[in-house]
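> See query.pdb below, with PDB, C-alpha atoms, pLDDT in the B column.
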```
ATOM      1  CA  MET K   1      93.450  -2.437 241.701  1.00 80.00           C
ATOM      2  CA  MET K   2      90.404  -2.707 239.453  1.00 83.00           C
ATOM      3  CA  THR K   3      88.714   0.290 237.870  1.00 89.00           C
ATOM      4  CA  THR K   4      85.901   0.637 235.369  1.00 88.00           C
ATOM      5  CA  LYS K   5      85.964   2.184 231.916  1.00 90.00           C
ATOM      6  CA  VAL K   6      82.890   3.115 229.897  1.00 93.00           C
ATOM      7  CA  VAL K   7      83.008   1.857 226.300  1.00 95.00           C
ATOM      8  CA  TRP K   8      80.528   1.596 223.427  1.00 97.00           C
ATOM      9  CA  THR K   9      79.872  -1.997 222.381  1.00 96.00           C
ATOM     10  CA  LEU K  10      78.619  -2.820 218.892  1.00 96.00           C
ATOM     11  CA  LEU K  11      76.105  -5.684 218.972  1.00 95.00           C
ATOM     12  CA  LEU K  12      74.498  -7.617 216.155  1.00 94.00           C
ATOM     13  CA  VAL K  13      70.979  -8.489 217.323  1.00 95.00           C
ATOM     14  CA  THR K  14      68.991 -11.242 215.589  1.00 96.00           C
ATOM     15  CA  ALA K  15      65.230 -11.600 216.103  1.00 97.00           C
ATOM     16  CA  TYR K  16      63.745 -15.076 215.703  1.00 96.00           C
ATOM     17  CA  SER K  17      60.337 -13.786 216.792  1.00 95.00           C
ATOM     18  CA  GLY K  18      58.944 -10.792 218.646  1.00 93.00           C
ATOM     19  CA  GLU K  19      60.069 -12.321 221.947  1.00 96.00           C
ATOM     20  CA  ASP K  20      63.108 -14.424 220.968  1.00 97.00           C
ATOM     21  CA  PHE K  21      66.401 -12.593 220.379  1.00 97.00           C
ATOM     22  CA  ASP K  22      70.066 -13.481 220.156  1.00 97.00           C
ATOM     23  CA  PHE K  23      73.058 -11.175 220.088  1.00 96.00           C
ATOM     24  CA  GLU K  24      76.711 -11.237 219.103  1.00 95.00           C
ATOM     25  CA  PRO K  25      79.234  -8.632 220.284  1.00 95.00           C
ATOM     26  CA  ILE K  26      81.181  -7.241 217.315  1.00 94.00           C
ATOM     27  CA  GLY K  27      83.585  -4.787 218.978  1.00 94.00           C
ATOM     28  CA  SER K  28      84.204  -2.119 221.622  1.00 94.00           C
ATOM     29  CA  TYR K  29      84.873   1.559 220.935  1.00 96.00           C
ATOM     30  CA  ASP K  30      85.813   4.613 222.986  1.00 95.00           C
ATOM     31  CA  THR K  31      83.091   6.852 221.549  1.00 95.00           C
ATOM     32  CA  ILE K  32      79.603   6.406 220.158  1.00 96.00           C
ATOM     33  CA  ALA K  33      80.823   8.015 216.921  1.00 96.00           C
ATOM     34  CA  GLU K  34      83.470   5.304 216.464  1.00 96.00           C
ATOM     35  CA  CYS K  35      80.866   2.625 217.202  1.00 96.00           C
ATOM     36  CA  TYR K  36      78.393   4.076 214.719  1.00 94.00           C
ATOM     37  CA  VAL K  37      81.028   4.373 211.973  1.00 94.00           C
ATOM     38  CA  ALA K  38      82.052   0.754 212.568  1.00 93.00           C
ATOM     39  CA  SER K  39      78.419  -0.375 212.311  1.00 91.00           C
ATOM     40  CA  THR K  40      77.919   1.398 208.980  1.00 89.00           C
ATOM     41  CA  GLN K  41      81.206   0.102 207.570  1.00 86.00           C
ATOM     42  CA  GLU K  42      80.371  -3.450 208.627  1.00 80.00           C
ATOM     43  CA  PHE K  43      76.686  -3.627 207.694  1.00 79.00           C
ATOM     44  CA  TRP K  44      75.811  -0.671 205.421  1.00 75.00           C
ATOM     45  CA  ASP K  45      74.237  -2.572 202.499  1.00 76.00           C
ATOM     46  CA  ASP K  46      74.306  -6.134 203.802  1.00 79.00           C
ATOM     47  CA  MET K  47      71.984  -6.103 206.824  1.00 82.00           C
ATOM     48  CA  PRO K  48      69.810  -9.225 206.630  1.00 84.00           C
ATOM     49  CA  ILE K  49      66.151  -9.083 207.611  1.00 87.00           C
ATOM     50  CA  ASN K  50      65.521  -9.682 211.329  1.00 92.00           C
ATOM     51  CA  GLN K  51      68.953  -8.327 212.248  1.00 92.00           C
ATOM     52  CA  GLU K  52      70.113  -4.955 213.504  1.00 92.00           C
ATOM     53  CA  ALA K  53      73.443  -3.518 214.610  1.00 92.00           C
ATOM     54  CA  LEU K  54      73.285  -1.303 217.660  1.00 94.00           C
ATOM     55  CA  CYS K  55      75.677   0.528 219.931  1.00 96.00           C
ATOM     56  CA  ILE K  56      75.205   0.258 223.677  1.00 97.00           C
ATOM     57  CA  ARG K  57      77.184   1.910 226.462  1.00 96.00           C
ATOM     58  CA  THR K  58      78.827  -0.648 228.751  1.00 95.00           C
ATOM     59  CA  GLU K  59      81.339  -0.767 231.591  1.00 92.00           C
ATOM     60  CA  GLU K  60      84.512  -2.835 231.481  1.00 84.00           C
ATOM     61  CA  LEU K  61      86.648  -3.774 234.463  1.00 83.00           C
ATOM     62  CA  ILE K  62      90.278  -2.798 233.965  1.00 83.00           C
ATOM     63  CA  SER K  63      93.203  -4.011 236.026  1.00 83.00           C
ATOM     64  CA  GLU K  64      95.613  -1.218 236.907  1.00 76.00           C
ATOM     65  CA  THR K  65      99.238  -2.070 237.554  1.00 73.00           C
ATOM     66  CA  ASP K  66     101.569   0.117 239.573  1.00 54.00           C
TER      67      ASP K  66
END
```
Produce structure tokens that represent the structure in this file.

Amino acid sequence: MMTTKVVWTLLLVTAYSGEDFDFEPIGSYDTIAECYVASTQEFWDDMPINQEALCIRTEELISETD
């Protein structure tokens, strides 16, 4: 049986222009607080220009075993 779980995904977003973006998933966290802490630990002083770390709520499919 498949169920869904809501998680917070940390993304690194890179802007090449105002209309051209790329993203890279960094990790998944149970709470927005955990996601935010991870983003500050990872990128606090080293965030390049045209990049931003953001947390977004997502759903994951989980397989349940009996």
> To one decimal place, how far is CA of Glu34 (chain K) from CA of Tyr16 (chain K) in Å?
28.4 Å
> Distance CA of Tyr29 (chain K)-CA of Leu11 (chain K), one decimal place?
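CA of Leu11 (chain K) lies 11.5 Å from CA of Tyr29 (chain K).
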> Got a sec: who's within 7 Å of region 6-10 of chain K, counting all atoms listed in the file, leaving out chain neighbours fewer than 4 positions off, as a PyMOL selection string?
chain K and resi 25-32+35+53-60
> I'd like the box whose edges run along x, y and z of the file and which contains every listed atom of region 23-29 of chain K, padded by 6 Å per side; could you state its centre and edge lengths in Å, one decimal, as lines of an AutoDock Vina configuration file?

```
center_x = 79.0
center_y = -4.8
center_z = 219.5
size_x = 23.8
size_y = 24.8
size_z = 16.3
```
> When the PyMOL selection byres ((chain K and resi 64) around 7) is applied to the file above, which residues end up in the set, as an MDAnalysis selection string?
chainID K and resid 1:2 62:63 65:66
> Counting all atoms listed in the file, which residue out of K:Ala15, K:Ala33, K:Leu61, K:Asp22 sits closest to Ile49 (chain K)?
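Closest residue, counting all atoms listed in the file: K:Ala15.
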> What does the structure give for the distance between CA of Asp20 (chain K) and CA of Val37 (chain K), in Å to one decimal?
27.5 Å
> Translate the PyMOL selection byres ((chain K and resi 23) around 6), as applied to the file shown, into an explicit residue set as an MDAnalysis selection string.
chainID K and resid 12:13 22 24
